[in-house]
Amino acid sequence: MNGSKNLAAITMVTALAGVPIGLASPAHATTAHATTTSQSRVATSAASAVYFISSSPVTIPGCKAWMNGKKPGPKVQGLVQTWSRSDCAMRLEIDHNQQIKWADSAGIGGDLNKASTHFHYDGRGYKARVCVNNLNNGWDDCGAWY
């Protein structure tokens, strides 16, 4: 978890202000999820076009990142949440034909704050994941590819 990935470069691009927060977001500091199903997408409500992707969360001390999906689409968005006065940075990576690109990033500091990226295309032949970094203690990790 700690170390090999250098996410310090995102500190310059993580000072994003006013980026809209997604509608579906799990509570901070939890690793358990609501009732799981065999599907990796769980709708938040019948009226909502934004849904939480249950296979996406990654949690490190002080930070959590996850992805939301959006219909119509398919599109994905990365989100990050902080607690314990941590400064957290998150990046959304998209893999298309085994070419991984850093699609977007978001960062936040303070207590119980959230930030998100814009939505990015994630259709057939694409995979996405989020990576998170706690800039205060050096912890970093990436979630599963979706």
# chains A, B, ... in the order shown; residues from 1 in each chain; ligands from 1

$ residues_around --residues "Ala65 (chain A)" --least-positions-apart "3" --cutoff "10 Å" --atoms "only C-alpha atoms" --output "PDB file with C-alpha atoms, in the first residue's frame"
ATOM      1  CA  SER A  25     -21.574   8.228  -1.710  1.00  0.00           C
ATOM      2  CA  PRO A  26     -20.814   5.781   1.073  1.00  0.00           C
ATOM      3  CA  HIS A  28     -16.660   7.771   5.620  1.00  0.00           C
ATOM      4  CA  SER A  56     -14.774   0.487  -6.501  1.00  0.00           C
ATOM      5  CA  PRO A  57     -14.040   1.749  -2.947  1.00  0.00           C
ATOM      6  CA  VAL A  58     -10.495   1.986  -1.643  1.00  0.00           C
ATOM      7  CA  THR A  59      -9.851   3.147   1.934  1.00  0.00           C
ATOM      8  CA  ILE A  60      -6.578   4.201   3.546  1.00  0.00           C
ATOM      9  CA  GLY A  78     -14.230   9.451  -9.085  1.00  0.00           C
ATOM     10  CA  LEU A  79     -14.969  10.734  -5.592  1.00  0.00           C
ATOM     11  CA  VAL A  80     -12.776  11.257  -2.530  1.00  0.00           C
ATOM     12  CA  GLN A  81     -13.626  11.846   1.121  1.00  0.00           C
ATOM     13  CA  THR A  82     -11.387  12.852   4.013  1.00  0.00           C
ATOM     14  CA  CYS A  88      -6.351  13.527   0.342  1.00  0.00           C
ATOM     15  CA  ALA A  89      -5.813  13.339  -3.397  1.00  0.00           C
ATOM     16  CA  MET A  90      -7.590  10.971  -5.761  1.00  0.00           C
ATOM     17  CA  ARG A  91      -7.100  10.185  -9.426  1.00  0.00           C
ATOM     18  CA  LEU A  92      -9.459   8.474 -11.851  1.00  0.00           C
ATOM     19  CA  LYS A 114     -15.784  15.382  -0.248  1.00  0.00           C
ATOM     20  CA  ALA A 115     -14.692  16.197  -3.792  1.00  0.00           C
ATOM     21  CA  SER A 116     -15.350  14.605  -7.163  1.00  0.00           C
ATOM     22  CA  ARG A 129     -10.473   2.661 -11.191  1.00  0.00           C
ATOM     23  CA  VAL A 130      -9.662   5.248  -8.536  1.00  0.00           C
ATOM     24  CA  CYS A 131      -6.403   5.674  -6.652  1.00  0.00           C
ATOM     25  CA  VAL A 132      -6.144   7.656  -3.426  1.00  0.00           C
ATOM     26  CA  ASN A 133      -3.232   9.241  -1.570  1.00  0.00           C
ATOM     27  CA  ASP A 141      -3.614   2.613  -2.815  1.00  0.00           C
ATOM     28  CA  CYS A 142      -5.774   1.896  -5.864  1.00  0.00           C
ATOM     29  CA  GLY A 143      -9.178   0.256  -6.059  1.00  0.00           C
TER      30      GLY A 143
END

$ atom_distance --atom1 "CA of Arg124 (chain A)" --atom2 "CA of Asp95 (chain A)"
11.1 Å

$ residues_around --residues "Arg85 (chain A)" --least-positions-apart "5" --cutoff "9 Å" --atoms "only C-alpha atoms" --output "list in words"
Gly62, Gly109, Gly110, Asp111 and Leu112 of chain A

$ closest_residue --among "A:Gly125, A:Ser86, A:Ile53, A:Glu93" --to "Gly107 (chain A)" --atoms "only C-alpha atoms"
A:Ser86

$ atom_distance --atom1 "CA of Trp145 (chain A)" --atom2 "CA of Asn113 (chain A)"
24.7 Å

$ residues_around --residues "Tyr126 (chain A)" --least-positions-apart "5" --cutoff "12 Å" --atoms "only C-alpha atoms" --output "number ranges by chain"
A: 74-76, 93-101, 120-121, 145-146

$ select_by_dssp --residues "region 42-88 of chain A" --states "strand (DSSP E)" --output "PyMOL selection string"
chain A and resi 42+50-53+58-60+63-70+75-82+86-88

$ closest_residue --among "A:Ser55, A:Ser105, A:Ser84, A:Gln77" --to "Asn136 (chain A)" --atoms "only C-alpha atoms"
A:Ser84
